[in-house]
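Asker: First the structure, then my questions, so here it is.
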Amino acid sequence: MNIYVNGESRNFPEHITVAQVTALLGLADKRIAVEWNKEILPIDRHSLQTLKEGDRLEIVHAIGGGQDDGFTLAGKVYHSRLLVGTGKYKDMEETRRAIEASGAEIVTVAIRRTNIGQNPDEPNLLDVIPPDKYTILPNTAGCFSADDAIRTCRLARELLGGHKLVKLEVLADRKTLFPDVAETYIAAELLVKEGFDVMVYTNDDPIAAKRLEEIGCIAVMPLAAPIGSGLGIRNPYNILTIVENAKVPILVDAGVGTASDAAIAMELGCAGVLMNTAIAEAKNPVLMARAMKQGIEAGRAAFLAGRMPRKRFASASSPIDGLFL
């Protein structure tokens, strides 16, 4: 029977299992992830899952360099670790060009009341970021209570035809835009129970981050600094602690100012970075979007490479022995 493996048709015996296929391909002892008919297949099911004619397998592994080194959200693998927003640009064309330059696959959008008197010829944001090209991540920006955030997510699901992936943020006040963690817990618990795939904005607090993971959020997004501040990562050791203790992707959200900030987040082991203001308010947003893409890739590559240990004193690059002086 024919099975598609990484897009190529291959012939295998009837009733073969996924584990037997990977063994025949020389991957039995390799660290791999398998997607079966667009469903992520846990490793403990590889030996149990029998294949049938026409089934499709995607088999991936991690490589250095940040090119094909993806991460998974809600069962889908993404290869860009840069997530971007759509606010604060001067017009739709600049929005489009900056998002394209960023290489982002996930784009976050705010949900707002429609303008009833809007000109029908005015461009729609979803024309600029078509859902067949990007994963649209509706967010609850501007919500100051769990109830408002929950209502917004429900409306987003209706707007996008049953879309379950949402970014939850519940803010405490308008001056700091820090998260209201207590309200965030309430909203997260209810949304998870309703079947939403929740990516959640929170403080850079390891205890809060772990609690949100335990509630069932698929990704936790600690702030680097206040939203829109551009201050960069203020508490790198907090972020590192969150990453080291997490079993879900950790993405830095809010406060990034430039490409070096994004690189630092990736060097700490974060799965990705979400940003908007840092790109949109740059003097040249399109160029900054490209710089952020490169910063993310460089930081991820450095993380995979493993930095040299820090030393108190100098260590000569060239050997001292054999000098003729």
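We label chains A, B, ... in the order they appear in the structure tokens, count residues from 1 in each chain, and number ligands from 1 in the order shown.
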Residues near Tyr89 of chain A, anyone? I mean within 10 Å using only C-alpha atoms, not counting same-chain ones fewer than 5 positions away, as JSON, numbers by chain.

Answerer: {"A": [94, 95, 96, 98, 276, 277, 279, 280, 281, 282, 285]}

Asker: Please give the complete set of residues from segment 57-213 of chain A that DSSP, run on the backbone, assigns to strand (DSSP E), formatted as a PyMOL selection string.

Answerer: chain A and resi 57-60+71-73+76-78+82-84+106-110+135-139+165-168+197-202

Asker: How far is it from atom CA of Leu48 of chain A to atom CA of Ile16 of chain A, in Å with one decimal?

Answerer: 9.8 Å

Asker: Tell me which protein, DNA and RNA residues are within 12 Å of segment 185-193 of chain A, counting only C-alpha atoms, leaving out same-chain ones fewer than 4 positions away, and put them as number ranges by chain.

Answerer: A: 140, 143-154, 157, 164-171, 179-181, 197-202, 208-220

Asker: What is the atom CA of Gly228 of chain A to atom CA of Asp205 of chain A distance in Å?

Answerer: 19.3 Å

Asker: Between A:Val84, A:Leu251, A:Val5, A:Arg45, which one has atoms that come closest to Ala101 of chain A, using only C-alpha atoms?

Answerer: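 Once distances to Ala101 of chain A are computed over only C-alpha atoms, the minimum belongs to A:Val84.
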
Asker: Of the candidates A:Lys38, A:Lys283, A:Lys293, A:Lys30, which shows the shortest atom-to-atom distance to Ser80 of chain A, using only C-alpha atoms?

Answerer: A:Lys293

Asker: Check the smallest atom-to-atom distance from each of A:His46, A:Arg81, A:His163, A:Arg31 to Val60 of chain A using only C-alpha atoms, then report the winner.

Answerer: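 Result for the nearest residue to Val60 of chain A: A:Arg31.
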
Asker: Can you work out the spacing between atom CA of Ile250 of chain A and atom CA of Ser229 of chain A in Å, to one decimal?

Answerer: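 The value is 20.4 Å.
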
Asker: Taking the chain letters and numbering used in this document, name the residues of segment 91-259 of chain A that DSSP puts in alpha helix (DSSP H), as a VMD selection string.

Answerer: chain A and resid 92 to 102 125 to 128 146 to 159 181 to 193 206 to 215 236 to 244 259

Asker: Between A:Thr184, A:Asn203, A:Asn2, A:Asn284, which residue has the minimum interatomic distance to Val252 of chain A, considering only C-alpha atoms?

Answerer: A:Asn203
